[in-house]
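**Q** Have a look at this one.
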Amino acid sequence: MTQYQKILIAVDQSELAQSAVNTAQDLAKAHQASLRILHCLSLPLPTQLDFGDRYRGNLKESLAVAQQQLDDNLEQTRQWLSALEAEAQAKGIDTTWDWRGGDAGPQICHVAKTWPADLIIMGRRGRGRLKAALLGSVSNYVLHHAPCSVLVIQGS
């Protein structure tokens, strides 16, 4: 059996992510491995309507509201990641967390390469072929581009 020293767990805020976190914690504990929790932030792309019609105000006011929403989202995400880190550390697992902006697949592979991870654990929603073709599949991207082994936890 392969001995893992560094396990990267890629998470979003879905129910499936908790199953992947549990698996990652179990493997990290069994192998006495370090665990890094990674979340990729998807930043919404604004449209012209977002800044003009959405808030019925001027651009400066709209940007201030958008910035406040982003700040609130980042703080909630920081608290969530910190709670996941504390949960793993309470089990005796050396754990850190990180977040990145941009496309999740390339970001996960980049972190796995630069950290460097022995194993990536992530969930897969199982959207189906058509949706995956139209929307892309993060797990499929990671499987084909990762610099290490990948364990995919299948959703229902």
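Each chain in the structure tokens gets a letter, A, B and so on, in the order shown; residues start at 1 in every chain, and ligands are counted from 1 in the order they appear.
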Which residues are near Ser82 in chain A? Cut-off 12 Å, only C-alpha atoms, ignore same chain within fewer than 2 positions. Put them as a list of chain:residue names.

**A** A:Arg36, A:Ile37, A:Leu38, A:His39, A:Glu75, A:Gln76, A:Thr77, A:Arg78, A:Gln79, A:Trp80, A:Leu84, A:Glu85, A:Ala86, A:Glu87, A:Ala88, A:Gln89, A:Thr95, A:Thr96, A:Trp97, A:Asp98, A:Trp99

**Q** Suppose we keep C-alpha atoms; can you now write the selection as a PDB file, in the first residue's frame?

**A**
ATOM      1  CA  ARG A  36      -4.375  20.736   3.137  1.00  0.00           C
ATOM      2  CA  ILE A  37      -7.956  21.841   2.584  1.00  0.00           C
ATOM      3  CA  LEU A  38      -8.438  23.817  -0.636  1.00  0.00           C
ATOM      4  CA  HIS A  39     -11.468  25.795  -1.752  1.00  0.00           C
ATOM      5  CA  GLU A  75     -15.559  36.025   5.696  1.00  0.00           C
ATOM      6  CA  GLN A  76     -18.133  33.210   5.728  1.00  0.00           C
ATOM      7  CA  THR A  77     -15.790  31.070   3.626  1.00  0.00           C
ATOM      8  CA  ARG A  78     -12.843  31.821   5.930  1.00  0.00           C
ATOM      9  CA  GLN A  79     -14.883  30.784   8.963  1.00  0.00           C
ATOM     10  CA  TRP A  80     -16.020  27.575   7.245  1.00  0.00           C
ATOM     11  CA  LEU A  84     -12.800  22.303   8.893  1.00  0.00           C
ATOM     12  CA  GLU A  85      -9.159  22.870   9.858  1.00  0.00           C
ATOM     13  CA  ALA A  86      -9.978  22.869  13.593  1.00  0.00           C
ATOM     14  CA  GLU A  87     -12.056  19.677  13.213  1.00  0.00           C
ATOM     15  CA  ALA A  88      -9.119  17.836  11.624  1.00  0.00           C
ATOM     16  CA  GLN A  89      -6.582  19.250  14.079  1.00  0.00           C
ATOM     17  CA  THR A  95      -3.935  20.535   8.767  1.00  0.00           C
ATOM     18  CA  THR A  96      -3.888  23.856   6.925  1.00  0.00           C
ATOM     19  CA  TRP A  97      -6.290  25.483   4.498  1.00  0.00           C
ATOM     20  CA  ASP A  98      -5.995  27.657   1.426  1.00  0.00           C
ATOM     21  CA  TRP A  99      -8.307  29.293  -1.065  1.00  0.00           C
TER      22      TRP A  99
END

**Q** Quick one: contact table of range 65-135 of chain A to range 150-154 of chain A, 12 Å max, nearest atom pair and distance in Å to one decimal per residue, counting only C-alpha atoms, chain and number order, as CSV?

**A**
residue,atom,partner,partner_atom,distance
A:Ile108,CA,A:Val150,CA,11.0
A:Cys109,CA,A:Val150,CA,10.4
A:Ala112,CA,A:Val150,CA,10.3
A:Ala117,CA,A:Val150,CA,10.1
A:Asp118,CA,A:Val150,CA,8.8
A:Leu119,CA,A:Val150,CA,5.6
A:Ile120,CA,A:Val150,CA,4.7
A:Ile121,CA,A:Leu151,CA,4.8
A:Met122,CA,A:Val152,CA,5.2
A:Gly123,CA,A:Ile153,CA,4.5
A:Arg124,CA,A:Gln154,CA,5.0
A:Arg125,CA,A:Gln154,CA,6.5
A:Gly126,CA,A:Gln154,CA,7.0
A:Arg127,CA,A:Gln154,CA,10.7

**Q** May I have the residues from that selection written out with N, CA and C atoms, as a short mmCIF file (atom, residue, chain, number, x, y, z; two decimals), in the first residue's frame?

**A**
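After the write, out.cif holds the following:
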data_model
loop_
_atom_site.label_atom_id
_atom_site.label_comp_id
_atom_site.auth_asym_id
_atom_site.auth_seq_id
_atom_site.Cartn_x
_atom_site.Cartn_y
_atom_site.Cartn_z
N ILE A 108 -6.58 23.49 -8.49
CA ILE A 108 -6.33 22.29 -7.70
C ILE A 108 -5.03 21.63 -8.14
N CYS A 109 -4.84 21.49 -9.44
CA CYS A 109 -3.63 20.86 -9.97
C CYS A 109 -2.39 21.69 -9.65
N ALA A 112 -1.59 21.19 -5.97
CA ALA A 112 -1.07 19.83 -5.78
C ALA A 112 0.38 19.72 -6.23
N ALA A 117 1.52 17.57 -3.27
CA ALA A 117 0.65 16.54 -2.70
C ALA A 117 0.98 15.16 -3.27
N ASP A 118 0.75 14.15 -2.45
CA ASP A 118 0.85 12.75 -2.90
C ASP A 118 -0.50 12.24 -3.39
N LEU A 119 -1.58 12.88 -2.90
CA LEU A 119 -2.93 12.43 -3.20
C LEU A 119 -3.87 13.63 -3.17
N ILE A 120 -4.78 13.67 -4.14
CA ILE A 120 -5.87 14.65 -4.15
C ILE A 120 -7.15 13.89 -3.89
N ILE A 121 -7.96 14.39 -2.98
CA ILE A 121 -9.29 13.82 -2.74
C ILE A 121 -10.32 14.89 -3.05
N MET A 122 -11.33 14.51 -3.81
CA MET A 122 -12.38 15.46 -4.19
C MET A 122 -13.67 14.71 -4.47
N GLY A 123 -14.75 15.44 -4.48
CA GLY A 123 -16.05 14.86 -4.79
C GLY A 123 -16.39 15.04 -6.26
N ARG A 124 -17.37 14.26 -6.69
CA ARG A 124 -17.89 14.34 -8.06
C ARG A 124 -19.41 14.26 -7.97
N ARG A 125 -20.05 15.26 -8.51
CA ARG A 125 -21.51 15.32 -8.41
C ARG A 125 -22.21 14.35 -9.34
N GLY A 126 -21.58 13.99 -10.44
CA GLY A 126 -22.23 13.09 -11.39
C GLY A 126 -23.35 13.78 -12.14
N ARG A 127 -23.06 14.90 -12.73
CA ARG A 127 -24.06 15.68 -13.45
C ARG A 127 -24.60 14.98 -14.69
#
